[in-house]
Amino acid sequence: MPNLSDVTRGRLLYGGDYNPEQWPEETWHEDVRLMKDAGVNSVTLGVFSWSKLEPRPGERDFGWLDRLMDLMHGNGIGVVLATPTASPPPWLGRLHPDTLPRDEDGRIEWWGGRQHFSHSSATYRRHAAAITEDLAARYATHPALTLWHINNEYCTYDHGDEAATRFRAWLRARYGTLEALNTAWGTVFWSQGYGDWEEVMPPRRAHYLKNPAQVLDFRRFTSDMLLECYAAERDIVRRHTPHVPVTTNFMPLWFGQDAWRWAEEEDVVSVDLYPDPRDPLGAQHGALVQDMTRSQARGPWMLMEQAAGPVNWRGVNHPKPRGLNRLWSLQAVARGADAVCYFQWRQSRQGAEKFHSGMIGHAGEEGRTFQEVKRLGADLGTLAPQVSGRPVDASVAILHDWHSWWAGAQEAHPSRRVEYPEILRAWHRALWEANLPTDFAHPEHDLSRYRVVVVPQLYLLTDAAIANLLAHVRRGATLVCGFLTGVADEDDRIRPGGMDARLRALFGIRTLHEWWPLEAGESADCGDWRGTLWSEEIEPDGTADETLPYRGGELDGLPAVLRKGRAWYLSTLPEPEALRTLLARAAAEAGVRPVLDGLPAGVEAVRRGEVLFLLNHGRDPVTVQVPGTHRDLLTGETVTGRVTLGRRGVAVLAS
Amino acid sequence: MPNLSDVTRGRLLYGGDYNPEQWPEETWHEDVRLMKDAGVNSVTLGVFSWSKLEPRPGERDFGWLDRLMDLMHGNGIGVVLATPTASPPPWLGRLHPDTLPRDEDGRIEWWGGRQHFSHSSATYRRHAAAITEDLAARYATHPALTLWHINNEYCTYDHGDEAATRFRAWLRARYGTLEALNTAWGTVFWSQGYGDWEEVMPPRRAHYLKNPAQVLDFRRFTSDMLLECYAAERDIVRRHTPHVPVTTNFMPLWFGQDAWRWAEEEDVVSVDLYPDPRDPLGAQHGALVQDMTRSQARGPWMLMEQAAGPVNWRGVNHPKPRGLNRLWSLQAVARGADAVCYFQWRQSRQGAEKFHSGMIGHAGEEGRTFQEVKRLGADLGTLAPQVSGRPVDASVAILHDWHSWWAGAQEAHPSRRVEYPEILRAWHRALWEANLPTDFAHPEHDLSRYRVVVVPQLYLLTDAAIANLLAHVRRGATLVCGFLTGVADEDDRIRPGGMDARLRALFGIRTLHEWWPLEAGESADCGDWRGTLWSEEIEPDGTADETLPYRGGELDGLPAVLRKGRAWYLSTLPEPEALRTLLARAAAEAGVRPVLDGLPAGVEAVRRGEVLFLLNHGRDPVTVQVPGTHRDLLTGETVTGRVTLGRRGVAVLAS
Amino acid sequence: MPNLSDVTRGRLLYGGDYNPEQWPEETWHEDVRLMKDAGVNSVTLGVFSWSKLEPRPGERDFGWLDRLMDLMHGNGIGVVLATPTASPPPWLGRLHPDTLPRDEDGRIEWWGGRQHFSHSSATYRRHAAAITEDLAARYATHPALTLWHINNEYCTYDHGDEAATRFRAWLRARYGTLEALNTAWGTVFWSQGYGDWEEVMPPRRAHYLKNPAQVLDFRRFTSDMLLECYAAERDIVRRHTPHVPVTTNFMPLWFGQDAWRWAEEEDVVSVDLYPDPRDPLGAQHGALVQDMTRSQARGPWMLMEQAAGPVNWRGVNHPKPRGLNRLWSLQAVARGADAVCYFQWRQSRQGAEKFHSGMIGHAGEEGRTFQEVKRLGADLGTLAPQVSGRPVDASVAILHDWHSWWAGAQEAHPSRRVEYPEILRAWHRALWEANLPTDFAHPEHDLSRYRVVVVPQLYLLTDAAIANLLAHVRRGATLVCGFLTGVADEDDRIRPGGMDARLRALFGIRTLHEWWPLEAGESADCGDWRGTLWSEEIEPDGTADETLPYRGGELDGLPAVLRKGRAWYLSTLPEPEALRTLLARAAAEAGVRPVLDGLPAGVEAVRRGEVLFLLNHGRDPVTVQVPGTHRDLLTGETVTGRVTLGRRGVAVLAS
C-alpha cells in the first residue's frame, strides 16, 4: 500500500488548506509567489467545494479546479485533494430532507453551517459517491495529486428514522438475535425487553436515565457509520489511483471516533491540532496528541491542520506570541510529524471562520504571522534530510480505548468529576514532565516492546485485554494502573466484585468495599502527597509488597497505593508531582531512562532517529547540559557540553 | 380498611426491592439464604416487570413470578407486589405513540429509560388496567402477598394533545363555565380571554411569561391525573383483595404530587428517602421527611426505599460510612417507621442503576455494606416488640401545602432566591435542633392537638385556611408565621393590601408598603442577629406587644419581627441560631418542652411510644444525661443517669 | 406632521398604562379621583385589549372602551390609545396556527403569554389591520384621544416557513440576484452557494457555526418586518386622524430593532425605562437611554413606561427606596422627557405581572409608593411652564449603530467577553461622570454640530460612515475611537488589513498584527492605568503625535493609545477613571466644558433650556457650588452661590 513517504519523498511537507475559490484569480498568482517564498510544498484543495463543483444537482464545474491543479503543479507544489462531502450544497438538503441529521430531541440540523449530513442517509451516500467518483476520475492522472483527503473531521451523529433502521441492522449483525441483545443490554431492568427489532431505537430523549449499553452501542454504531462513509469514498478513489495514499483528518482525542480502528483503514494518519496558546500545559497537550497520532500511524504522521495564530471558536481566542508557532511545529516534527500544515493558507475575509488565522493573516505579507511562517519554512527545509521518515522510539505505553471511554462517560456513574480525558492528560503529563518517551496503545495490542505499561483508567476491559495485561506482567513488564479500571466487561456489565477478580489478585486486593469519590476542593491525605478526585475502601489480601496508606478520615490506614511485584495499583489520582515521582520510579526500576538527565523545568527533549530536539517551553532563556559535541542543525553551529535556548527556542542536535 | 399493621403483625418490616429477573434462578436460592441471614422479612417484587410479564401485546408470562412468590412464601418472606405500570414495554410506545408524553416544547419522551407514559393517554390507561387486572387475579389468594405497591414514584407530566383534552375536562369540572375560568385566571390581562373551551391549552412554550393561574391549575391537574392513574389500579387490586392494603411510594417533598390528597387514597403511606451521606444536614433532612410522612399516614408508615450505600444520580455519589445506614434507619423507626426497606436487595450489574448500591453490593457477602445490613436486621428484630405500631406524639405542627408551593414557585415573583423547600427546611431544622417533636399539617386540617403552629411560608392561603388559623389562635394556640404568607387566594389572586387583612390585623400590621428581597450575600441587621433572603417595609398599627426592629439601611427602625399576644410575624428569615432561639422561646411560652433537656449538640432524642431513642449524629462519642434508670433495648444493658453513644451510636431506652 | 407638543400643549404629561378591564366599574371612578389627586393628565388605554375588543373572530365589543374614553375626557385626562395587536386572542392561534412564531429549533411559541405572533404571517397582519381599522374609525373624533400607541415593545422573531418566504423576498429586494447574495454572504466558504432562491433559509439550528452574513441579514430582516407591521397600523390610524401623532414604545438599546430607522417612522419617540434600583450605575443607565431616546427624537420625547416601585422580571426585584422614583423621573425630564409615564396605573392582582408595581400598589392609597407619586405629580406641574418643549444641547456625540452591533454580536469572534452594550455603557459613563452633555448619533448622520465625536466600538462601518468620520475630523472636530472599529464592511466582510486603511492612516497605524483579547481578571499595564477586555499588537507608522505604550508582557512598548492631531485611537478599554480622564482631556482640548465645574461625586448637572437641574445620586446630603443667584423652581426659594441637596434630592434652578 502507498504511504506517507510516497508523498514526502524525503521532505517535510509544509503548507495547508487552500481555498482559492474565495479569491479572484489574480490573488492565486500572488499566493503562489508567497508560497514559494515561504517554502510551501503542499496545499490541500477542495475540502468544502461541493457547491462549487456541483452548483446544481448533477452539474459539474471542474474548470476552476483544473486551473488550480495546473497552477500548483507548474510551481512544484503538491496537492492533497479532498472529497468535498463534509458540507453538501443547499440543494441537497432542500430536495432531500432525509439527508439532514436529527439530534436526540428530534431537532433537524439545517444547512447554513457545515456537516449537515446524516451518516445513515442513503441519499447522502449516493450523492457523495457520485461527486467522489467524478472527482477521482478527473484527477487520477494529474501530476499535482499527492494524497487523497476524504471528507473533513468526521464528527456527526444522527438519531433520526433512517439512522434507527441502520442501527437495527448494525445490532442484528453484532448480536444475531434479539435475545442476545436483550442480554447484552440488560433490558430486563426497567422493563425494556425488546420483542421485535422494530422496537429498538437510537437513545432519544427520555424521561430519566437511558440504558447505558444502548448508549454505548449507539456510540460504537456512530463511529462505524462514519467509517462506512469514509471507506466508501476511499474505495472509490483507491480504485482510480491505487498508488496514491488516502487519509482523513482526525480531531485529536475526539469522543466520536474509535481512531484505533479508523487508523487501520488509512494509508496516512493525519490530525488537526489546536492547543490554546494561553494554556500553560498547551505543549503537553500537543505532545499527547502527537504521541497518540504517531502510535496510530505506527510511524511518521501528518499534522494536517494547526493555526498560525488564533482560532475563532474559544471564548477568548489568543494569538500565538512570537516564536510559539515555530516551537510547537518543531515539537510535532520531533514527535514524528513529517508534515506541518495549517488551516488555512490565506485567512478568509468572509464566512464563519474569518477570525480563524491563516498563514497569511488579515495583516498580509508584512504581518508578523507570515514573517514567522517564512522562517519556519526555511527551518523545515533545513531539517528534512536528517528527520523525514525517521522513527521515535518509546519503552513506555499508555493504554487507551475509546470503548472504555464511551462506557465510562455516561450519566449516573459514581462521580461526574471523573473525566476520562483529564485523567489521560494527567498521566501523560507525568511521563512528559519526566521526559520519558511514550507511545499509546490499545489494551489488546501487542505490548511486547514496552517495558512499562500504564493504564490511567480503563473502566471497560474485555477479557482479551485483561489476558493481554496479565501476560505482559507475567513476562516481566511493569504495569501501573489507575482506579476504576477493569470494572465493566464489553457489554458494560459490572464484573463481580466491582473490579475484575484477576486484576484484584494481580494487585493484592481481597475486597473492594466502596468507591469514595472526592468532591471538588477535597483531597485525600496520603502522607507525603495528596490524592485527588477519588479514593477507595480496599481490603488488601496480604500479598502486596508495598502499601502507601491513606491518613485520617474514614479510610485511615487503608491502602491508597498497592504494589505487588511490578504491578502497581493507584486507588486515587496523585497530585501532579507525586504521580510524576511515582511513574519515574516505576520506570527507573524497569530500566527505562529519560531522554536526557538534569533537564531544566520547561525544557522538552525528544530524540527522533539520530537527532535530539531540545524545546524551551519556559518564559526565559535556559541552558541545557548536553554531554558531548553536536551540531545544531538549525544554526549550523557546533555545540559542546551545553546549549542555550532562547525564549521559545529550539535546538536540533546531531552527533 | 386494611392498614400497615396487617402487614407488620407486630414486626418491623425489613427488606427491599427485589429484581430477581436480572439473575439466574440459582442466585434466587442464594438470595433467600442471605435474606434469612440478614433478617429480611419483606421483599417488593415486580416494580419494573411489565415487559417480562407481557413480552408481546396481550401475552402473559407469570411462570417466573409464580416460582418467586412460592419461594418467598416457603421461606417466610412476605411480598409487596407491585403493578408494573411505571415502565411500559417498548412495544407499547411503538404501537401506540399516543402513550408517549411530551414536554412543554413538544418534545417526545421515548422509551429506553422509564416512566415514558402519558398520564392522560387512554391507551396507556387501558393497557395498565389490563395487566393490573390479570396480576391481581392471579395472586389474589397467594399467601405471600402482603401489600400492593401501585406503579412507582409517580412523577411525570404531559403537555401533548390528549393531555390538553383532559385538562379542558378537568377545568370544566372545576369552573363550570368559561366565564368562571376567565375570571379565575385573570385572562383579561394580556388579552387571554377564552371564548371556546378548545382554545384552552396546557402551558406550552411561550414568548414571555405564562399565565400563573394556568400554570397553577396545570400543576393541580397533573397531580390529579396521576392520582387517577393510581386510583384506577388501586380499585382493581382492591376488588380482588379487599383485605390487602395498598400503597404507592412517594418521593419526599416532591413538587408534582399533592401528597396530602394522595395519602387519603392510600391504606399505607410509604416514602423513598435518600439523604446525601455527605450532607451535614442529612439527618435533619431525613427527620423532616419522616415527620411529614408520619403526618400524612396519621401513624406508622413505611420507609419503602433507601440506599444501603451510595446512590447513582448525584454529581458525586458518596458511600455511607460505617454505622450511618444503621443510624439513619433507626432514626426512621424512632420517627414512626414500621418498615425499613431499600432499593434494592442485590445491586444490579447492568442497566441505568448499576451504580446504585444494594443491600448486597458488588462486593458481595463479604462487603462491609452487607455486614452492616445483617447487624441492622438483628437490631430491628430486637426492637420490634416495643416499637412496632407505636405512635410518635408532637405538640408542634408545621403547616405545609402543595398548592401554595405551586403558586409560589413561578417565574416573575419578587425574588428567585426564595425557594419554598429551603424555607421549610430552615424552619424544621430550627425545631429539630431544639428537639421539639413536630408534625406537619395541611392549613385546613384540624389543628386542635397542636399548642404551637408554625407557618414557614404559605404564599397562597384559602379563606378556609385563614379562618382555621385565626380560630386556632383564638383558642389560645401560638402561631409563628413567616413572610410572604397569605399573599394570594386560591386562584393566585393577590389579596388586597398584598397580605390578607385578617392576618395583618392578627399581627398588628397596618400597611405592608413594599417587599425588600435580599440579594445573595446580603443580610439585614436585626440587632443580635441577622435576617436573610427577605425583608419588608411594614408599618405597624400600634397594637403589637413586641417589636424587633431592623437596624440601619432603608428599613431602619421598622419591625423585623412583630408579636401580638401569641401571634408572631417574621418579615425575614432569621439565621439558623436566631430562628431556633425564637421558636424555642415561643414553644416554651406555650408550655411545649423538648424531648430531653441539656442534649449535646448533634444528638437527637425521639420518644416513640414508651421508648426513648438517642441518636448521635456527631463525629465523636458523646455522653447524654438521662434522668432515671433505663434498659437499652439494643444492648440489653441497664443505664442509669447517663448513656454514652459512640460515633454514629444509638441507644433505645425503655423504662 | 403632528408631534409631541400637540399632546403636551405646554404641560409635562404624567400618567401611565391603565388597564381598567381588570377592575369593576366602581373602581374606575375611584381611579379617576386618585388620578386627579396625583396630577395625572394622561393614560394609555387598550394595549392588551384585543380579546376584550374582539372576543370571537369578527365580533366587536367597544362599549366598555367608549365609557372609559368618555370618563377620561370628562375628567380632563387625555388618552394615549393603543392598537391591541401585541397579544392576539387565543382564538387566532387556534384557528390560524400559521400566526404562531417558531424559534430557530422549530419550536412553536404558543398563546398563554403575549407576543405570540409571527411578524411574517399574512393572517396575523390581516387580523391586526382589521381591528386597528375599526378602532381608529370608532375613536377618530373622540376628544379624549391625544396620541396613538401602536402595538407594544416590538421584539419578536420567527424562523418558520412563512418567515422564510418573506426573508427570500427581502433578500431579493436587497440583492437583486442570487449571485449578489452569494457574493455578499461569502457562500463559497463551506459550500453554501445557493443555486435557487428556494434554498435560502432563516438561520435555523445548524451543526456548527452559521454563516454570519446570513445571520446579520436575518436581523436586518427581522427589524424590517416588525417595522412593516408597525407602519401598516400607523398608516391606518393616520388615515383616520392625520392630526394625531403616532408612536410605538421602544425598549432601550434593544437588540432586535434598528431604532434609528424606526424613529424616522414615528411622530413621537417613546421609550420604556427600567433601571435596577439596586444598580449603583442605575442613574447612568437611565441617562444613557434618555440621551439616546432624545437623539432619536431629535428633541423632546416621551418616557412611556417606568416602574413606580419594583419590577417582576429580575432575579431579585428591589423596590425603589424613598425619593428614587422622583429623582429618576426628574432626571428624565432634565434630559428631555416631556412625559413621565408608568406601567401601570394600578398594580394588577392577577396575571403574569401582578408583582410589577403600579402607581397605586397593592398597599393602595396609603402606601408609600402612591404618596410619592402624588408628590411627583405636583412637582411636574410646577416645572412644566419652564421646561416643557425645551431642548437639551450637547457638543459631544457617541456614535451607535445597530447593524454594527448585529454584525459584532456573533459566535466565533475573537472574544466572547466583548459585549457591545457594555462598551457603549463604559464610554457613556465616562462622559456622564465628567458631566459632559452627550448625544447619540448614527455614523452616517450629519455630525457638524458636534465638536467631539466618540466611537466606543463600530465593528462594522460602511464606506459612507468612514467618509463621514474622516470629513468631520478634516473639519477640525475631535474623534476618539475605541478598538475593533472599522473592521468589517456592510456585508460583514473583513476589510484588508483587519481595519480600514483610511482609519489606520488617520490614527497613524501601519500594521495591525494581531488582536490580543484579555481573559476575565486579566488587564494590560498601561503605566498610570490599566486596560481591560482587549489589547492589540499594533505597529505605528511614525506619524502619531502622542503614544501611550503598554508596559511589560508580550506587547511591551507597543502603543495602547495613539493620538494623531485630534484623532485618538484606543486599542484597549481603559478602566473607568482613566477613560473619564482621557475623554475629559479630549473634550477640554476641543473647547467643550462640563455643565458645572467642581461638582461633588454622585451629583449630576443637566441644563435643559434655561434651567439647571441638579440631581443627587449619592447616599448623603451634599452641597453644590453654583455661581450666581437662582430660584429653585421646586421650592420657590432663592439660592445664592450654593445649594444643598438632601439624600436623592433635586434642585431645578432658574436664573
# chains A, B, ... in the order shown; residues from 1 in each chain; ligands from 1

call {"tool": "residues_around", "arguments": {"residues": "Gly74 in chain A", "least_positions_apart": "2", "cutoff": "12 Å", "atoms": "only C-alpha atoms", "output": "list in words"}}
result
His29, Val32, Lys36, Asn41, Arg67, Leu68, Met69, Asp70, Leu71, Met72, Gly76, Ile77, Gly78, Val79, His142, Pro143 and Ala144 of chain A

call {"tool": "closest_atom_pairs", "arguments": {"of": "chain B", "to": "chain C", "cutoff": "9 Å", "atoms": "only C-alpha atoms", "output": "tab-separated table"}}
result
residue	atom	partner	partner_atom	distance
B:Asp105	CA	C:Arg107	CA	6.4
B:Gly106	CA	C:Arg107	CA	7.6
B:Ala184	CA	C:Gln350	CA	8.6
B:Trp185	CA	C:Gly351	CA	7.1
B:Gly186	CA	C:Gln350	CA	5.4
B:Thr187	CA	C:Gly351	CA	7.2
B:Val188	CA	C:Gln22	CA	6.2
B:Phe189	CA	C:Gly351	CA	6.0
B:Trp190	CA	C:Phe48	CA	4.9
B:Ser191	CA	C:Ser51	CA	4.8
B:Gln192	CA	C:Pro89	CA	5.7
B:Gly193	CA	C:Ser51	CA	5.6
B:Tyr194	CA	C:Pro90	CA	6.4
B:Gly195	CA	C:Pro55	CA	6.3
B:Asp196	CA	C:Trp91	CA	7.8
B:Glu198	CA	C:Arg94	CA	8.0
B:Glu199	CA	C:Pro90	CA	6.0
B:Val200	CA	C:Pro90	CA	7.9
B:Met201	CA	C:Gly112	CA	8.0
B:Pro202	CA	C:Gly112	CA	8.8
B:Pro203	CA	C:Gly112	CA	6.7
B:Arg204	CA	C:Trp110	CA	6.2
B:Arg205	CA	C:Glu109	CA	5.5
B:Ala206	CA	C:Glu109	CA	4.6
B:His207	CA	C:Glu109	CA	5.6
B:Tyr208	CA	C:Gly113	CA	5.6
B:Leu209	CA	C:Gly113	CA	5.4
B:Lys210	CA	C:Gly113	CA	4.5
B:Asn211	CA	C:Ala352	CA	5.4
B:Pro212	CA	C:Ala352	CA	5.9
B:Ala213	CA	C:Gly351	CA	7.3
B:Gln214	CA	C:Gly112	CA	8.3
B:Glu411	CA	C:Trp313	CA	7.8
B:Ala412	CA	C:Asn312	CA	4.8
B:His413	CA	C:Asn312	CA	5.8
B:Pro414	CA	C:Asn317	CA	5.2
B:Ser415	CA	C:Val316	CA	4.3
B:Arg416	CA	C:Gly315	CA	5.1
B:Arg417	CA	C:Val316	CA	7.1
B:Ala488	CA	C:Arg349	CA	8.8
B:Asp491	CA	C:Gln350	CA	8.6
B:Asp492	CA	C:Gln350	CA	7.0
B:Arg493	CA	C:Gln350	CA	5.1
B:Ile494	CA	C:Arg349	CA	4.7
B:Arg495	CA	C:Arg349	CA	7.3
B:Pro496	CA	C:His362	CA	6.2
B:Gly497	CA	C:Ala363	CA	4.4
B:Gly498	CA	C:His362	CA	5.2
B:Met499	CA	C:His362	CA	8.8
B:Thr511	CA	C:Ala363	CA	6.4
B:Leu512	CA	C:Ala363	CA	6.1
B:His513	CA	C:Gly367	CA	5.3
B:Glu514	CA	C:Pro319	CA	6.7
B:Trp515	CA	C:Pro319	CA	7.1
B:Trp516	CA	C:His318	CA	6.0
B:Pro517	CA	C:Val316	CA	6.5
B:Leu518	CA	C:Val316	CA	7.3
B:Glu519	CA	C:Val316	CA	6.6
B:Glu554	CA	C:Pro321	CA	7.0

call {"tool": "write_last_selection", "arguments": {"atoms": "C-alpha atoms", "output": "short mmCIF file (atom, residue, chain, number, x, y, z; two decimals), in the first residue's frame"}}
result
data_model
loop_
_atom_site.label_atom_id
_atom_site.label_comp_id
_atom_site.auth_asym_id
_atom_site.auth_seq_id
_atom_site.Cartn_x
_atom_site.Cartn_y
_atom_site.Cartn_z
CA ASP B 105 -41.60 22.27 23.94
CA GLY B 106 -43.48 19.43 22.30
CA ALA B 184 -60.10 32.78 37.97
CA TRP B 185 -57.19 33.05 35.56
CA GLY B 186 -57.46 36.81 35.14
CA THR B 187 -57.35 36.34 31.38
CA VAL B 188 -58.34 39.92 30.80
CA PHE B 189 -54.67 40.68 31.36
CA TRP B 190 -52.63 40.36 28.17
CA SER B 191 -55.68 39.55 26.07
CA GLN B 192 -56.01 35.92 27.03
CA GLY B 193 -59.78 35.71 27.26
CA TYR B 194 -61.08 32.34 26.14
CA GLY B 195 -64.19 32.22 24.02
CA ASP B 196 -64.22 28.47 23.43
CA GLU B 198 -61.00 24.27 22.67
CA GLU B 199 -58.75 27.31 22.94
CA VAL B 200 -57.54 26.33 26.40
CA MET B 201 -54.14 24.63 26.40
CA PRO B 202 -51.55 23.27 28.77
CA PRO B 203 -48.92 25.93 29.43
CA ARG B 204 -46.68 25.24 26.45
CA ARG B 205 -43.61 27.17 25.39
CA ALA B 206 -44.44 30.86 25.19
CA HIS B 207 -42.69 34.01 24.08
CA TYR B 208 -42.70 35.56 27.53
CA LEU B 209 -44.25 34.92 30.94
CA LYS B 210 -47.07 32.46 31.17
CA ASN B 211 -50.37 32.96 32.95
CA PRO B 212 -49.59 31.92 36.53
CA ALA B 213 -53.09 30.69 37.31
CA GLN B 214 -52.99 28.49 34.23
CA GLU B 411 -41.44 32.93 37.26
CA ALA B 412 -41.72 36.68 37.76
CA HIS B 413 -42.13 36.68 41.52
CA PRO B 414 -40.35 39.16 43.78
CA SER B 415 -37.26 37.01 44.25
CA ARG B 416 -35.97 33.85 42.61
CA ARG B 417 -33.90 33.30 45.72
CA ALA B 488 -52.65 35.11 47.33
CA ASP B 491 -56.76 31.48 42.31
CA ASP B 492 -53.35 33.07 42.93
CA ARG B 493 -55.08 36.44 43.07
CA ILE B 494 -53.21 38.91 45.25
CA ARG B 495 -55.22 39.78 48.32
CA PRO B 496 -55.90 43.50 48.85
CA GLY B 497 -53.04 45.08 50.70
CA GLY B 498 -50.62 42.39 49.48
CA MET B 499 -51.36 40.27 52.56
CA THR B 511 -49.64 48.68 55.86
CA LEU B 512 -47.27 46.42 54.02
CA HIS B 513 -45.59 49.06 51.89
CA GLU B 514 -43.04 47.04 49.98
CA TRP B 515 -41.19 43.74 49.97
CA TRP B 516 -37.43 44.15 50.11
CA PRO B 517 -35.97 40.85 48.97
CA LEU B 518 -32.28 40.46 49.71
CA GLU B 519 -29.53 39.66 47.28
CA GLU B 554 -33.58 51.86 54.36
#

call {"tool": "residues_around", "arguments": {"residues": "Thr241 in chain A", "least_positions_apart": "5", "cutoff": "8 Å", "atoms": "only C-alpha atoms", "output": "number ranges by chain"}}
result
A: 136, 140-141

call {"tool": "write_last_selection", "arguments": {"atoms": "C-alpha atoms", "output": "JSON list (two decimals), in the first residue's frame"}}
result
[["chain", "number", "residue", "atom", "x", "y", "z"],
["A", 136, "ALA", "CA", -11.30, 10.88, -8.73],
["A", 140, "ALA", "CA", -6.48, 10.40, -11.20],
["A", 141, "THR", "CA", -3.63, 11.12, -13.55]]

call {"tool": "select_by_dssp", "arguments": {"residues": "range 420-472 of chain C", "states": "strand (DSSP E)", "output": "JSON, numbers by chain"}}
result
{"C": [438, 439, 440, 441, 452, 453, 454, 455]}

call {"tool": "select_by_dssp", "arguments": {"residues": "range 20-193 of chain C", "states": "alpha helix (DSSP H)", "output": "PyMOL selection string"}}
result
chain C and resi 25-38+50-53+63-74+90-95+122-139+161-175+178-185

call {"tool": "atom_distance", "arguments": {"atom1": "CA of Thr478 in chain C", "atom2": "CA of Glu589 in chain C"}}
result
8.8 Å

call {"tool": "residues_around", "arguments": {"residues": "Met359 in chain A", "least_positions_apart": "3", "cutoff": "10 Å", "atoms": "only C-alpha atoms", "output": "number ranges by chain"}}
result
A: 15-17, 35, 38, 306-309, 341-347, 362, 364-365, 367, 369-374

call {"tool": "write_last_selection", "arguments": {"atoms": "C-alpha atoms", "output": "PDB file, in the first residue's frame"}}
result
ATOM      1  CA  GLY A  15       1.565  24.115   3.659  1.00  0.00           C
ATOM      2  CA  GLY A  16      -2.113  23.962   4.409  1.00  0.00           C
ATOM      3  CA  ASP A  17      -5.708  24.167   3.347  1.00  0.00           C
ATOM      4  CA  MET A  35       4.023  30.085  -1.030  1.00  0.00           C
ATOM      5  CA  ALA A  38       7.659  30.542   2.490  1.00  0.00           C
ATOM      6  CA  GLN A 306      -2.945  23.778  13.040  1.00  0.00           C
ATOM      7  CA  ALA A 307      -3.312  27.550  13.425  1.00  0.00           C
ATOM      8  CA  ALA A 308      -0.567  30.009  12.623  1.00  0.00           C
ATOM      9  CA  GLY A 309      -2.221  32.423  15.046  1.00  0.00           C
ATOM     10  CA  CYS A 341       0.192  22.073   7.704  1.00  0.00           C
ATOM     11  CA  TYR A 342      -2.350  24.703   8.602  1.00  0.00           C
ATOM     12  CA  PHE A 343      -5.900  25.633   8.323  1.00  0.00           C
ATOM     13  CA  GLN A 344      -5.543  27.712   6.222  1.00  0.00           C
ATOM     14  CA  TRP A 345      -3.162  29.379   3.807  1.00  0.00           C
ATOM     15  CA  ARG A 346      -4.898  32.746   3.491  1.00  0.00           C
ATOM     16  CA  GLN A 347      -7.241  33.948   6.200  1.00  0.00           C
ATOM     17  CA  HIS A 362      -5.539  39.896   7.581  1.00  0.00           C
ATOM     18  CA  GLY A 364      -0.974  40.366   4.987  1.00  0.00           C
ATOM     19  CA  GLU A 365       2.572  39.794   3.861  1.00  0.00           C
ATOM     20  CA  GLY A 367       2.213  40.817   9.296  1.00  0.00           C
ATOM     21  CA  THR A 369       2.474  35.875  11.399  1.00  0.00           C
ATOM     22  CA  PHE A 370       3.564  35.498   7.815  1.00  0.00           C
ATOM     23  CA  GLN A 371       7.103  36.580   8.645  1.00  0.00           C
ATOM     24  CA  GLU A 372       7.298  33.751  11.157  1.00  0.00           C
ATOM     25  CA  VAL A 373       5.754  31.335   8.672  1.00  0.00           C
ATOM     26  CA  LYS A 374       8.572  32.084   6.275  1.00  0.00           C
TER      27      LYS A 374
END

call {"tool": "residues_around", "arguments": {"residues": "Arg585 in chain C", "least_positions_apart": "2", "cutoff": "12 Å", "atoms": "only C-alpha atoms", "output": "compact mmCIF listing (two decimals) with N, CA and C atoms, in the first residue's frame"}}
result
# COMPACT_ATOMS: atom_id res chain seq x y z
N ALA C 430 -18.18 57.38 31.23
CA ALA C 430 -17.04 58.29 31.36
C ALA C 430 -17.49 59.73 31.09
N LEU C 431 -18.30 59.91 30.06
CA LEU C 431 -18.77 61.25 29.72
C LEU C 431 -19.77 61.76 30.75
N ALA C 434 -18.09 62.81 33.79
CA ALA C 434 -17.38 64.08 33.55
C ALA C 434 -18.37 65.23 33.32
N LEU C 436 -20.35 65.87 30.89
CA LEU C 436 -20.32 66.40 29.53
C LEU C 436 -21.61 66.00 28.82
N VAL C 452 -16.89 67.12 19.48
CA VAL C 452 -16.22 65.86 19.82
C VAL C 452 -17.14 64.70 19.44
N THR C 478 -12.81 66.67 16.93
CA THR C 478 -12.05 65.63 17.63
C THR C 478 -12.77 64.30 17.49
N VAL C 480 -12.53 60.37 19.05
CA VAL C 480 -11.91 59.39 19.94
C VAL C 480 -12.54 58.04 19.65
N ARG C 566 -6.14 65.54 16.19
CA ARG C 566 -7.34 65.43 17.02
C ARG C 566 -7.97 64.03 16.94
N TRP C 568 -7.89 60.21 18.05
CA TRP C 568 -7.37 59.29 19.07
C TRP C 568 -7.81 57.87 18.75
N ALA C 578 -9.59 56.15 34.10
CA ALA C 578 -8.68 56.51 33.02
C ALA C 578 -9.44 56.95 31.78
N LEU C 579 -10.52 56.27 31.47
CA LEU C 579 -11.31 56.64 30.28
C LEU C 579 -11.95 58.02 30.50
N ARG C 580 -12.43 58.24 31.73
CA ARG C 580 -13.03 59.55 32.02
C ARG C 580 -11.99 60.65 31.85
N THR C 581 -10.81 60.44 32.41
CA THR C 581 -9.75 61.44 32.31
C THR C 581 -9.39 61.71 30.86
N LEU C 582 -9.28 60.65 30.10
CA LEU C 582 -8.88 60.80 28.71
C LEU C 582 -9.93 61.55 27.91
N LEU C 583 -11.20 61.19 28.10
CA LEU C 583 -12.26 61.87 27.34
C LEU C 583 -12.43 63.31 27.80
N ALA C 587 -12.10 66.43 25.35
CA ALA C 587 -13.18 67.43 25.27
C ALA C 587 -12.63 68.82 25.59
N ALA C 588 -11.85 68.91 26.65
CA ALA C 588 -11.31 70.21 27.05
C ALA C 588 -10.47 70.80 25.91
N GLU C 589 -9.65 69.97 25.30
CA GLU C 589 -8.81 70.45 24.20
C GLU C 589 -9.64 70.88 23.00
N ALA C 590 -10.85 70.32 22.90
CA ALA C 590 -11.76 70.73 21.82
C ALA C 590 -12.65 71.89 22.26
N GLY C 591 -12.43 72.39 23.46
CA GLY C 591 -13.20 73.54 23.93
C GLY C 591 -14.56 73.18 24.50
N VAL C 592 -14.76 71.92 24.84
CA VAL C 592 -16.05 71.51 25.41
C VAL C 592 -15.92 71.42 26.92
N ARG C 593 -16.80 72.12 27.64
CA ARG C 593 -16.72 72.21 29.09
C ARG C 593 -17.85 71.40 29.72
N PRO C 594 -17.65 70.93 30.94
CA PRO C 594 -18.77 70.29 31.65
C PRO C 594 -19.84 71.30 32.00

call {"tool": "residues_around", "arguments": {"residues": "Met304 in chain A", "least_positions_apart": "4", "cutoff": "12 Å", "atoms": "only C-alpha atoms", "output": "PyMOL selection string"}}
result
chain A and resi 13-17+42-44+80+147+149+152-153+247-252+268-274+290+293+329+332+337-344

call {"tool": "closest_residue", "arguments": {"among": "A:Ala505, A:Val237, A:Leu4, A:Leu399", "to": "Tyr139 in chain A", "atoms": "only C-alpha atoms"}}
result
A:Val237

call {"tool": "atom_distance", "arguments": {"atom1": "CA of Gly381 in chain C", "atom2": "CA of Ala82 in chain C"}}
result
25.3 Å
